[in-house]
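Shown next: model10.cif, given as mmCIF, C-alpha atoms (C1' of nucleotides).
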```cif
data_target
#
loop_
_atom_site.label_atom_id
_atom_site.label_comp_id
_atom_site.auth_asym_id
_atom_site.auth_seq_id
_atom_site.Cartn_x
_atom_site.Cartn_y
_atom_site.Cartn_z
CA MET A 1 0.00 0.00 0.00
CA LYS A 2 1.17 3.50 -0.93
CA GLU A 3 1.14 6.50 1.34
CA ASP A 4 -1.76 8.23 -0.38
CA GLN A 5 -3.84 5.06 -0.29
CA ALA A 6 -3.16 4.78 3.42
CA VAL A 7 -4.12 8.42 4.01
CA SER A 8 -7.28 7.90 2.01
CA ALA A 9 -8.25 4.74 3.91
CA LEU A 10 -7.45 6.33 7.26
CA GLY A 11 -9.59 9.32 6.36
CA ALA A 12 -12.46 7.07 5.36
CA LEU A 13 -12.37 5.31 8.73
CA ALA A 14 -11.83 8.52 10.71
CA HIS A 15 -15.52 9.20 11.14
CA THR A 16 -17.72 7.57 13.74
CA GLN A 17 -20.53 6.65 11.41
CA ARG A 18 -18.28 5.39 8.65
CA LEU A 19 -16.28 3.31 11.10
CA ARG A 20 -19.55 1.80 12.32
CA VAL A 21 -20.66 1.16 8.77
CA PHE A 22 -17.40 -0.58 8.03
CA ARG A 23 -17.60 -2.63 11.22
CA ALA A 24 -21.16 -3.64 10.38
CA LEU A 25 -19.95 -4.81 6.98
CA VAL A 26 -17.09 -6.72 8.58
CA VAL A 27 -19.53 -8.42 10.93
CA ALA A 28 -21.89 -9.14 8.05
CA GLY A 29 -19.09 -11.02 6.31
CA PRO A 30 -18.96 -12.07 2.67
CA GLU A 31 -22.72 -11.71 2.11
CA GLY A 32 -22.50 -8.00 2.69
CA LEU A 33 -25.38 -5.66 3.45
CA THR A 34 -27.66 -3.37 1.50
CA PRO A 35 -27.87 0.37 2.23
CA SER A 36 -31.45 -0.08 3.44
CA VAL A 37 -30.46 -2.61 6.04
CA LEU A 38 -27.46 -0.55 7.09
CA ALA A 39 -29.59 2.59 7.36
CA ASP A 40 -32.10 0.81 9.60
CA GLN A 41 -29.40 -0.87 11.65
CA LEU A 42 -27.37 2.29 12.23
CA ASP A 43 -30.19 4.82 12.15
CA VAL A 44 -28.68 7.07 9.50
CA ALA A 45 -30.50 8.94 6.75
CA ARG A 46 -30.24 7.09 3.44
CA ASN A 47 -28.68 9.90 1.46
CA THR A 48 -26.18 10.51 4.23
CA LEU A 49 -25.37 6.81 4.29
CA SER A 50 -25.02 6.83 0.54
CA PHE A 51 -22.46 9.62 0.86
CA HIS A 52 -20.46 7.71 3.47
CA LEU A 53 -20.59 4.46 1.52
CA LYS A 54 -19.25 6.33 -1.48
CA GLU A 55 -16.40 7.61 0.66
CA LEU A 56 -15.58 4.09 1.84
CA ALA A 57 -15.80 2.76 -1.71
CA HIS A 58 -13.62 5.56 -3.03
CA ALA A 59 -11.02 4.70 -0.40
CA GLY A 60 -11.11 1.08 -1.56
CA LEU A 61 -12.42 -0.28 1.73
CA VAL A 62 -15.72 -1.61 0.41
CA THR A 63 -16.91 -3.19 -2.81
CA ILE A 64 -20.33 -2.92 -4.42
CA GLU A 65 -22.38 -5.50 -6.25
CA GLN A 66 -25.81 -4.98 -7.68
CA GLN A 67 -28.48 -7.69 -7.39
CA GLY A 68 -31.80 -6.64 -8.77
CA ARG A 69 -32.66 -3.31 -7.24
CA ASN A 70 -30.50 -3.97 -4.23
CA LEU A 71 -26.86 -3.10 -3.85
CA PHE A 72 -24.67 -5.27 -1.69
CA TYR A 73 -21.78 -3.55 0.00
CA ARG A 74 -18.99 -5.69 1.36
CA ALA A 75 -15.88 -4.93 3.38
CA ASP A 76 -12.78 -5.34 1.25
CA PHE A 77 -10.71 -7.35 3.70
CA ALA A 78 -7.65 -7.41 1.48
CA HIS A 79 -7.55 -3.64 1.39
CA MET A 80 -8.04 -3.35 5.14
CA ASN A 81 -5.31 -5.88 5.55
CA GLY A 82 -3.06 -3.75 3.36
CA LEU A 83 -3.73 -0.77 5.59
CA LEU A 84 -2.89 -2.76 8.71
CA GLY A 85 0.29 -3.92 7.02
CA TYR A 86 1.26 -0.37 6.12
CA LEU A 87 0.65 0.89 9.64
CA THR A 88 2.41 -2.01 11.28
CA GLU A 89 5.38 -1.64 9.01
CA HIS A 90 5.72 2.09 9.60
CA CYS A 91 4.85 1.92 13.24
CA CYS A 92 7.85 -0.36 13.68
CA GLN A 93 10.30 1.27 11.33
CA GLY A 94 13.56 1.60 13.16
CA GLY A 95 12.22 -0.88 15.69
CA VAL A 96 12.86 -4.58 16.14
CA CYS A 97 9.79 -6.12 14.59
CA GLU A 98 10.25 -5.46 10.90
CA ALA A 99 10.73 -9.14 10.23
CA ASN A 100 7.34 -9.85 11.73
CA ALA A 101 5.54 -7.07 9.93
CA THR A 102 4.21 -9.16 7.07
CA SER A 103 3.00 -11.96 9.27
CA ARG A 104 1.31 -9.56 11.62
CA ALA A 105 -1.41 -8.39 9.26
CA CYS A 106 -4.75 -10.10 9.41
CA THR A 107 -4.15 -13.11 7.21
CA SER A 108 -7.66 -14.45 7.48
CA CYS A 109 -9.21 -11.30 6.09
CA MET B 110 -9.06 1.44 22.91
CA LYS B 111 -12.51 2.98 22.62
CA GLU B 112 -14.25 3.88 19.41
CA ASP B 113 -13.84 7.63 19.78
CA GLN B 114 -10.16 7.24 20.55
CA ALA B 115 -9.76 5.18 17.43
CA VAL B 116 -11.62 7.74 15.34
CA SER B 117 -9.47 10.48 16.79
CA ALA B 118 -6.21 8.62 16.11
CA LEU B 119 -7.31 7.67 12.60
CA GLY B 120 -8.17 11.29 11.88
CA ALA B 121 -4.81 12.43 13.16
CA LEU B 122 -3.01 10.07 10.79
CA ALA B 123 -5.34 10.77 7.86
CA HIS B 124 -3.26 13.67 6.59
CA THR B 125 -0.16 13.32 4.45
CA GLN B 126 1.98 15.70 6.45
CA ARG B 127 0.88 14.39 9.82
CA LEU B 128 1.47 10.81 8.73
CA ARG B 129 4.97 11.84 7.65
CA VAL B 130 5.54 13.63 10.92
CA PHE B 131 4.48 10.55 12.83
CA ARG B 132 6.65 8.30 10.69
CA ALA B 133 9.62 10.60 11.22
CA LEU B 134 9.03 10.36 14.96
CA VAL B 135 8.78 6.57 14.75
CA VAL B 136 12.08 6.46 12.86
CA ALA B 137 13.64 8.87 15.35
CA GLY B 138 12.80 6.43 18.12
CA PRO B 139 12.86 7.12 21.85
CA GLU B 140 15.02 10.25 21.59
CA GLY B 141 12.28 12.02 19.68
CA LEU B 142 12.66 15.16 17.59
CA THR B 143 12.20 18.88 18.07
CA PRO B 144 9.77 20.90 15.93
CA SER B 145 12.70 22.77 14.39
CA VAL B 146 14.33 19.58 13.18
CA LEU B 147 11.02 18.21 11.94
CA ALA B 148 10.24 21.45 10.13
CA ASP B 149 13.60 21.39 8.34
CA GLN B 150 13.36 17.68 7.61
CA LEU B 151 9.84 17.80 6.20
CA ASP B 152 9.89 21.32 4.81
CA VAL B 153 6.79 22.54 6.61
CA ALA B 154 6.14 25.99 8.05
CA ARG B 155 6.72 26.03 11.80
CA ASN B 156 3.31 27.26 12.80
CA THR B 157 1.68 24.73 10.47
CA LEU B 158 3.82 21.99 11.98
CA SER B 159 2.92 23.18 15.45
CA PHE B 160 -0.74 22.83 14.54
CA HIS B 161 -0.23 19.30 13.25
CA LEU B 162 1.83 18.26 16.24
CA LYS B 163 -0.95 19.52 18.46
CA GLU B 164 -3.40 17.37 16.52
CA LEU B 165 -1.21 14.31 16.96
CA ALA B 166 -0.73 15.05 20.65
CA HIS B 167 -4.44 15.61 21.15
CA ALA B 168 -5.10 12.22 19.54
CA GLY B 169 -2.62 10.67 21.97
CA LEU B 170 -0.19 9.55 19.30
CA VAL B 171 2.73 11.67 20.43
CA THR B 172 4.09 12.85 23.74
CA ILE B 173 5.88 16.10 24.52
CA GLU B 174 8.79 16.79 26.83
CA GLN B 175 10.44 20.13 27.35
CA GLN B 176 14.20 20.42 27.66
CA GLY B 177 15.43 23.96 27.92
CA ARG B 178 13.88 25.90 25.10
CA ASN B 179 13.45 22.80 23.00
CA LEU B 180 10.48 20.49 22.95
CA PHE B 181 10.99 16.82 22.20
CA TYR B 182 8.13 15.09 20.50
CA ARG B 183 8.03 11.32 20.58
CA ALA B 184 5.78 8.74 18.98
CA ASP B 185 3.60 7.07 21.60
CA PHE B 186 4.10 3.48 20.53
CA ALA B 187 1.69 2.08 23.07
CA HIS B 188 -1.10 4.22 21.73
CA MET B 189 -0.31 3.32 18.13
CA ASN B 190 -0.26 -0.27 19.22
CA GLY B 191 -3.67 0.19 20.76
CA LEU B 192 -4.99 1.54 17.48
CA LEU B 193 -3.58 -1.42 15.57
CA GLY B 194 -5.17 -3.73 18.09
CA TYR B 195 -8.52 -2.03 17.72
CA LEU B 196 -8.40 -2.19 13.93
CA THR B 197 -7.20 -5.77 13.85
CA GLU B 198 -9.86 -6.85 16.28
CA HIS B 199 -12.66 -5.16 14.37
CA CYS B 200 -11.31 -6.03 10.98
CA CYS B 201 -11.57 -9.67 11.99
CA GLN B 202 -14.81 -9.62 13.94
CA GLY B 203 -16.93 -12.49 12.67
CA GLY B 204 -13.83 -13.95 11.05
CA VAL B 205 -11.51 -16.71 12.13
CA CYS B 206 -8.61 -14.81 13.62
CA GLU B 207 -10.01 -13.37 16.81
CA ALA B 208 -7.76 -15.57 18.89
CA ASN B 209 -4.75 -14.05 17.18
CA ALA B 210 -5.89 -10.47 17.47
CA THR B 211 -3.97 -9.64 20.62
CA SER B 212 -0.75 -11.23 19.44
CA ARG B 213 -0.96 -9.46 16.14
CA ALA B 214 -0.42 -5.95 17.41
CA CYS B 215 3.09 -4.58 17.32
CA THR B 216 4.56 -5.95 20.49
CA SER B 217 7.90 -4.23 20.17
CA CYS B 218 6.41 -0.76 20.02
"C1'" DA C 219 -48.30 1.28 -18.24
"C1'" DC C 220 -48.22 2.46 -13.39
"C1'" DA C 221 -47.17 2.52 -8.65
"C1'" DT C 222 -43.64 1.06 -5.47
"C1'" DT C 223 -39.20 0.30 -3.75
"C1'" DA C 224 -33.98 0.90 -3.64
"C1'" DA C 225 -30.61 3.87 -4.04
"C1'" DT C 226 -28.25 7.78 -5.72
"C1'" DT C 227 -27.54 12.64 -7.17
"C1'" DC C 228 -27.81 17.45 -6.71
"C1'" DA C 229 -27.93 22.00 -4.64
"C1'" DA C 230 -27.81 24.54 -0.58
"C1'" DT C 231 -26.11 25.09 3.66
"C1'" DA C 232 -23.57 24.19 7.89
"C1'" DA C 233 -19.58 22.71 10.22
"C1'" DA C 234 -14.94 21.30 10.60
"C1'" DT C 235 -10.17 21.52 9.00
"C1'" DG C 236 -5.92 23.59 7.09
"C1'" DT C 237 -2.85 27.55 6.03
"C1'" DT C 238 -0.68 31.90 6.49
"C1'" DG C 239 1.05 36.06 8.64
"C1'" DT C 240 1.61 38.34 12.86
"C1'" DA C 241 2.04 38.51 17.72
"C1'" DT C 242 3.21 36.37 22.07
"C1'" DT C 243 5.55 33.46 25.66
"C1'" DA C 244 9.53 31.57 27.49
"C1'" DT C 245 14.43 30.24 27.57
"C1'" DT C 246 19.19 31.15 26.78
"C1'" DG C 247 23.53 33.61 26.38
"C1'" DA C 248 26.16 37.99 25.83
"C1'" DT D 249 18.88 43.81 30.70
"C1'" DC D 250 18.71 42.94 25.90
"C1'" DA D 251 18.94 40.40 21.67
"C1'" DA D 252 18.29 35.90 19.75
"C1'" DT D 253 16.14 31.49 19.48
"C1'" DA D 254 12.32 27.90 20.04
"C1'" DA D 255 7.91 27.26 19.90
"C1'" DT D 256 3.14 28.29 20.32
"C1'" DA D 257 -1.23 31.16 19.98
"C1'" DC D 258 -4.30 33.86 17.55
"C1'" DA D 259 -7.04 35.83 13.84
"C1'" DA D 260 -8.37 35.81 9.14
"C1'" DC D 261 -9.23 33.37 5.36
"C1'" DA D 262 -9.65 29.41 2.21
"C1'" DT D 263 -10.75 24.83 1.62
"C1'" DT D 264 -12.80 20.60 2.59
"C1'" DT D 265 -16.20 17.70 4.62
"C1'" DA D 266 -20.90 16.63 6.35
"C1'" DT D 267 -25.94 17.04 6.40
"C1'" DT D 268 -30.50 17.85 4.66
"C1'" DG D 269 -34.43 18.05 1.53
"C1'" DA D 270 -35.96 17.53 -3.05
"C1'" DA D 271 -35.41 15.41 -7.42
"C1'" DT D 272 -33.79 11.53 -10.33
"C1'" DT D 273 -32.62 6.85 -12.04
"C1'" DA D 274 -33.51 2.14 -12.26
"C1'" DA D 275 -35.69 -2.35 -11.12
"C1'" DT D 276 -39.81 -4.89 -9.67
"C1'" DG D 277 -44.48 -6.49 -9.27
"C1'" DT D 278 -49.35 -5.74 -10.43
#
```
As structure tokens, what does this structure read like?
Amino acid sequence: MKEDQAVSALGALAHTQRLRVFRALVVAGPEGLTPSVLADQLDVARNTLSFHLKELAHAGLVTIEQQGRNLFYRADFAHMNGLLGYLTEHCCQGGVCEANATSRACTSC
Amino acid sequence: MKEDQAVSALGALAHTQRLRVFRALVVAGPEGLTPSVLADQLDVARNTLSFHLKELAHAGLVTIEQQGRNLFYRADFAHMNGLLGYLTEHCCQGGVCEANATSRACTSC
DNA sequence: ACATTAATTCAATAAATGTTGTATTATTGA
DNA sequence: TCAATAATACAACATTTATTGAATTAATGT
């Protein structure tokens, strides 16, 4: 992951509602969730949610698939994993755990 | 780490210059760096840097110690570690790696 | 075709964030 | 004490981000 990707992903998560949206998608797993369900679950206006989902998608943290008139948003675990790897790597730069950095990211995601 | 702390830390790092400042402090290690040195190193105006350092400090990611007329800023590795733990834990919620979550954070920081 | 549902888009506004220049506080050394 | 240095604080402004209500697009079922 590049610096600007990391900044973008960090910015996308640096908002209470978006972090909750992302967490809800993580919990939902590979099936994902529709904006309607998310809006009900998190009590957010639909257009506001749409804005935040776009932010998350633009940052590469979620993917979108259309099924009929529903959209299914899913957490992009690989991208989140890349962010964790970036942070771990740079958190430890100059430290003693560089060798572990790659194995430390969430490999199951 | 609580949600609002995580949001705050994520927001502090979600800015190119602040991320670079933090990385420079990580590289500098336990000695830390003064604003003057950071400003020269990163080519940022001093008052702008002061603003960004305040943001990082407010988010708990850096600590400040005064020595004479110099201030020494240091990366707070424990706090960064806490953020990584929070993200790892929530990135994996509902997944298979919850048992590893605690061991995955940067233990050397 | 028509009404309904899902979701987004747009414009307007409000709120938060970032930058710059200037002024201020505090420490040091002559 | 006075000049120089380190750093922050403040005010003004510009920019970006967030929210809301109204309108729009697209898919579905009758």
Given all atoms listed in the file as the basis, pick out the residue of C:DC220, C:DA233, C:DC228, C:DA248 nearest to DA252 in chain D.
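Ranked by minimum distance to DA252 in chain D, first place goes to C:DA248.
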Define the interface residues of chain B facing chain C as those within 7 Å, counting only C-alpha atoms (C1' of nucleotides), and report them as a count of residues only.
3
Can you work out the spacing between CA of Met189 in chain B and CA of Pro139 in chain B in Å, to one decimal?
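Straight-line distance from CA of Met189 in chain B to CA of Pro139 in chain B works out to 14.2 Å.
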Superimposed copy of chain B on chain A by least squares over C-alpha atoms, as a compact mmCIF listing (two decimals) with C-alpha atoms, keeping the file's coordinate frame:
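Below you can see selection.txt, which holds the result:
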```
# COMPACT_ATOMS: atom_id res chain seq x y z
CA MET B 110 0.00 0.03 -0.06
CA LYS B 111 1.15 3.52 -0.99
CA GLU B 112 1.11 6.52 1.27
CA ASP B 113 -1.81 8.25 -0.42
CA GLN B 114 -3.86 5.08 -0.32
CA ALA B 115 -3.18 4.80 3.37
CA VAL B 116 -4.14 8.42 3.96
CA SER B 117 -7.31 7.89 1.98
CA ALA B 118 -8.27 4.73 3.89
CA LEU B 119 -7.45 6.32 7.24
CA GLY B 120 -9.61 9.31 6.36
CA ALA B 121 -12.46 7.05 5.36
CA LEU B 122 -12.37 5.30 8.73
CA ALA B 123 -11.82 8.51 10.71
CA HIS B 124 -15.52 9.17 11.13
CA THR B 125 -17.72 7.56 13.76
CA GLN B 126 -20.52 6.62 11.42
CA ARG B 127 -18.26 5.36 8.66
CA LEU B 128 -16.26 3.29 11.12
CA ARG B 129 -19.53 1.78 12.33
CA VAL B 130 -20.65 1.14 8.78
CA PHE B 131 -17.38 -0.60 8.03
CA ARG B 132 -17.58 -2.65 11.22
CA ALA B 133 -21.14 -3.66 10.39
CA LEU B 134 -19.93 -4.81 6.98
CA VAL B 135 -17.06 -6.74 8.57
CA VAL B 136 -19.52 -8.45 10.92
CA ALA B 137 -21.87 -9.14 8.02
CA GLY B 138 -19.07 -11.01 6.29
CA PRO B 139 -18.97 -12.09 2.65
CA GLU B 140 -22.72 -11.74 2.08
CA GLY B 141 -22.50 -8.01 2.65
CA LEU B 142 -25.38 -5.67 3.42
CA THR B 143 -27.67 -3.37 1.48
CA PRO B 144 -27.87 0.37 2.22
CA SER B 145 -31.45 -0.07 3.43
CA VAL B 146 -30.45 -2.63 6.03
CA LEU B 147 -27.45 -0.55 7.09
CA ALA B 148 -29.58 2.57 7.36
CA ASP B 149 -32.09 0.80 9.61
CA GLN B 150 -29.38 -0.89 11.64
CA LEU B 151 -27.35 2.26 12.24
CA ASP B 152 -30.16 4.79 12.17
CA VAL B 153 -28.66 7.04 9.52
CA ALA B 154 -30.47 8.95 6.79
CA ARG B 155 -30.24 7.11 3.47
CA ASN B 156 -28.68 9.90 1.49
CA THR B 157 -26.16 10.51 4.28
CA LEU B 158 -25.35 6.80 4.33
CA SER B 159 -25.01 6.81 0.57
CA PHE B 160 -22.47 9.59 0.88
CA HIS B 161 -20.48 7.68 3.48
CA LEU B 162 -20.59 4.45 1.53
CA LYS B 163 -19.26 6.33 -1.46
CA GLU B 164 -16.40 7.60 0.69
CA LEU B 165 -15.58 4.08 1.84
CA ALA B 166 -15.80 2.75 -1.70
CA HIS B 167 -13.64 5.55 -3.03
CA ALA B 168 -11.02 4.69 -0.40
CA GLY B 169 -11.15 1.08 -1.57
CA LEU B 170 -12.42 -0.30 1.71
CA VAL B 171 -15.72 -1.61 0.40
CA THR B 172 -16.91 -3.18 -2.81
CA ILE B 173 -20.33 -2.90 -4.44
CA GLU B 174 -22.38 -5.48 -6.28
CA GLN B 175 -25.81 -4.94 -7.73
CA GLN B 176 -28.48 -7.60 -7.45
CA GLY B 177 -31.82 -6.55 -8.81
CA ARG B 178 -32.66 -3.23 -7.27
CA ASN B 179 -30.50 -3.90 -4.26
CA LEU B 180 -26.85 -3.07 -3.86
CA PHE B 181 -24.67 -5.27 -1.69
CA TYR B 182 -21.79 -3.56 0.00
CA ARG B 183 -18.99 -5.69 1.34
CA ALA B 184 -15.89 -4.95 3.38
CA ASP B 185 -12.78 -5.34 1.25
CA PHE B 186 -10.70 -7.37 3.67
CA ALA B 187 -7.64 -7.41 1.47
CA HIS B 188 -7.55 -3.65 1.38
CA MET B 189 -8.04 -3.36 5.12
CA ASN B 190 -5.30 -5.88 5.51
CA GLY B 191 -3.08 -3.75 3.33
CA LEU B 192 -3.73 -0.76 5.56
CA LEU B 193 -2.87 -2.75 8.67
CA GLY B 194 0.30 -3.91 6.98
CA TYR B 195 1.25 -0.37 6.07
CA LEU B 196 0.64 0.90 9.59
CA THR B 197 2.40 -2.00 11.24
CA GLU B 198 5.38 -1.63 8.97
CA HIS B 199 5.71 2.09 9.57
CA CYS B 200 4.85 1.92 13.21
CA CYS B 201 7.83 -0.38 13.64
CA GLN B 202 10.30 1.23 11.27
CA GLY B 203 13.57 1.59 13.14
CA GLY B 204 12.27 -0.86 15.72
CA VAL B 205 12.90 -4.54 16.20
CA CYS B 206 9.84 -6.11 14.64
CA GLU B 207 10.28 -5.49 10.95
CA ALA B 208 10.72 -9.18 10.30
CA ASN B 209 7.32 -9.82 11.81
CA ALA B 210 5.54 -7.04 9.98
CA THR B 211 4.20 -9.16 7.15
CA SER B 212 2.99 -11.94 9.40
CA ARG B 213 1.28 -9.50 11.68
CA ALA B 214 -1.40 -8.35 9.29
CA CYS B 215 -4.75 -10.06 9.47
CA THR B 216 -4.20 -13.12 7.38
CA SER B 217 -7.74 -14.42 7.61
CA CYS B 218 -9.27 -11.28 6.16
```
Scan for residues within 10 Å of the point (-11.4, 3.1, 4.9) in the coordinates of the file, using all atoms listed in the file, and reply as a ChimeraX atom specification.
/A:5-15,18-19,22,53,55-62,75-76,79-80,83 /B:119
If the cut-off is 9 Å, can you tell me the residues of chain B near chain D, counting all atoms listed in the file? I'd like them as number ranges by chain.
B: 144-145, 155-156, 159-160, 178-180
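Going from CA of Leu151 in chain B to CA of Ile173 in chain B covers 18.8 Å.
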Step by step, gather every atom of range 121-134 of chain B that the file lists, find the box along x, y and z that holds them, add 5 Å on each side, and finally give centre and edge lengths in Å to one decimal, as lines of an AutoDock Vina configuration file.
```
center_x = 2.1
center_y = 12.0
center_z = 9.7
size_x = 25.0
size_y = 17.4
size_z = 20.5
```
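The smallest atom-to-atom distance between chain A and any of B:Tyr195, B:Phe186, B:Glu140, B:Gln150, using all atoms listed in the file, is found for B:Phe186.
Comparing B:Val136, B:Arg183, B:Leu142, B:Thr172 by their smallest distance to chain A, the closest is B:Val136 (using only C-alpha atoms).
Closest approach to chain B from the set A:Leu49, A:Val37, A:Ala24, A:Met1 is made by A:Ala24, with distances taken over only C-alpha atoms.
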Atom-to-atom span, CA of Gly141 in chain B and CA of Val153 in chain B, Å
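So the two atoms, CA of Gly141 in chain B and CA of Val153 in chain B, lie 17.7 Å apart.
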Taking only C-alpha atoms into account, which of B:Asp149, B:Phe181, B:Asn190, B:Arg129 comes nearest His161 in chain B?
B:Arg129
Nearest to chain B by atom-to-atom distance, counting only C-alpha atoms, from A:Gln66, A:Thr34, A:Val21, A:Gly29
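Counting only C-alpha atoms, the residue closest to chain B is A:Gly29.
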Taking the structure in the block just given, could you write range 1-67 of chain A with C-alpha atoms, as an mmCIF file, in the first residue's frame?
```
data_model
loop_
_atom_site.group_PDB
_atom_site.id
_atom_site.type_symbol
_atom_site.label_atom_id
_atom_site.label_comp_id
_atom_site.auth_asym_id
_atom_site.auth_seq_id
_atom_site.Cartn_x
_atom_site.Cartn_y
_atom_site.Cartn_z
ATOM 1 C CA MET A 1 0.000 0.000 0.000
ATOM 2 C CA LYS A 2 1.166 3.499 -0.925
ATOM 3 C CA GLU A 3 1.140 6.500 1.336
ATOM 4 C CA ASP A 4 -1.759 8.231 -0.382
ATOM 5 C CA GLN A 5 -3.838 5.056 -0.288
ATOM 6 C CA ALA A 6 -3.156 4.781 3.425
ATOM 7 C CA VAL A 7 -4.122 8.416 4.006
ATOM 8 C CA SER A 8 -7.276 7.898 2.005
ATOM 9 C CA ALA A 9 -8.252 4.735 3.906
ATOM 10 C CA LEU A 10 -7.446 6.330 7.260
ATOM 11 C CA GLY A 11 -9.586 9.319 6.357
ATOM 12 C CA ALA A 12 -12.457 7.069 5.358
ATOM 13 C CA LEU A 13 -12.370 5.314 8.730
ATOM 14 C CA ALA A 14 -11.827 8.525 10.713
ATOM 15 C CA HIS A 15 -15.516 9.197 11.136
ATOM 16 C CA THR A 16 -17.720 7.571 13.736
ATOM 17 C CA GLN A 17 -20.533 6.652 11.408
ATOM 18 C CA ARG A 18 -18.281 5.393 8.645
ATOM 19 C CA LEU A 19 -16.284 3.309 11.103
ATOM 20 C CA ARG A 20 -19.554 1.801 12.322
ATOM 21 C CA VAL A 21 -20.660 1.156 8.771
ATOM 22 C CA PHE A 22 -17.399 -0.582 8.028
ATOM 23 C CA ARG A 23 -17.601 -2.631 11.216
ATOM 24 C CA ALA A 24 -21.162 -3.640 10.383
ATOM 25 C CA LEU A 25 -19.954 -4.809 6.982
ATOM 26 C CA VAL A 26 -17.092 -6.717 8.581
ATOM 27 C CA VAL A 27 -19.525 -8.425 10.927
ATOM 28 C CA ALA A 28 -21.895 -9.144 8.049
ATOM 29 C CA GLY A 29 -19.090 -11.015 6.309
ATOM 30 C CA PRO A 30 -18.965 -12.071 2.672
ATOM 31 C CA GLU A 31 -22.718 -11.710 2.108
ATOM 32 C CA GLY A 32 -22.499 -7.999 2.691
ATOM 33 C CA LEU A 33 -25.377 -5.663 3.449
ATOM 34 C CA THR A 34 -27.663 -3.367 1.503
ATOM 35 C CA PRO A 35 -27.866 0.372 2.228
ATOM 36 C CA SER A 36 -31.448 -0.084 3.438
ATOM 37 C CA VAL A 37 -30.460 -2.615 6.044
ATOM 38 C CA LEU A 38 -27.460 -0.549 7.092
ATOM 39 C CA ALA A 39 -29.590 2.586 7.358
ATOM 40 C CA ASP A 40 -32.101 0.811 9.599
ATOM 41 C CA GLN A 41 -29.402 -0.866 11.645
ATOM 42 C CA LEU A 42 -27.373 2.294 12.230
ATOM 43 C CA ASP A 43 -30.193 4.823 12.149
ATOM 44 C CA VAL A 44 -28.683 7.070 9.500
ATOM 45 C CA ALA A 45 -30.499 8.943 6.746
ATOM 46 C CA ARG A 46 -30.238 7.093 3.439
ATOM 47 C CA ASN A 47 -28.683 9.898 1.462
ATOM 48 C CA THR A 48 -26.181 10.509 4.234
ATOM 49 C CA LEU A 49 -25.367 6.808 4.294
ATOM 50 C CA SER A 50 -25.016 6.829 0.543
ATOM 51 C CA PHE A 51 -22.461 9.624 0.862
ATOM 52 C CA HIS A 52 -20.462 7.708 3.466
ATOM 53 C CA LEU A 53 -20.592 4.459 1.515
ATOM 54 C CA LYS A 54 -19.248 6.330 -1.484
ATOM 55 C CA GLU A 55 -16.403 7.610 0.661
ATOM 56 C CA LEU A 56 -15.580 4.090 1.836
ATOM 57 C CA ALA A 57 -15.799 2.758 -1.708
ATOM 58 C CA HIS A 58 -13.616 5.563 -3.032
ATOM 59 C CA ALA A 59 -11.016 4.703 -0.396
ATOM 60 C CA GLY A 60 -11.115 1.081 -1.560
ATOM 61 C CA LEU A 61 -12.420 -0.285 1.728
ATOM 62 C CA VAL A 62 -15.718 -1.614 0.408
ATOM 63 C CA THR A 63 -16.914 -3.185 -2.806
ATOM 64 C CA ILE A 64 -20.330 -2.918 -4.422
ATOM 65 C CA GLU A 65 -22.382 -5.505 -6.246
ATOM 66 C CA GLN A 66 -25.807 -4.983 -7.678
ATOM 67 C CA GLN A 67 -28.479 -7.688 -7.388
#
```
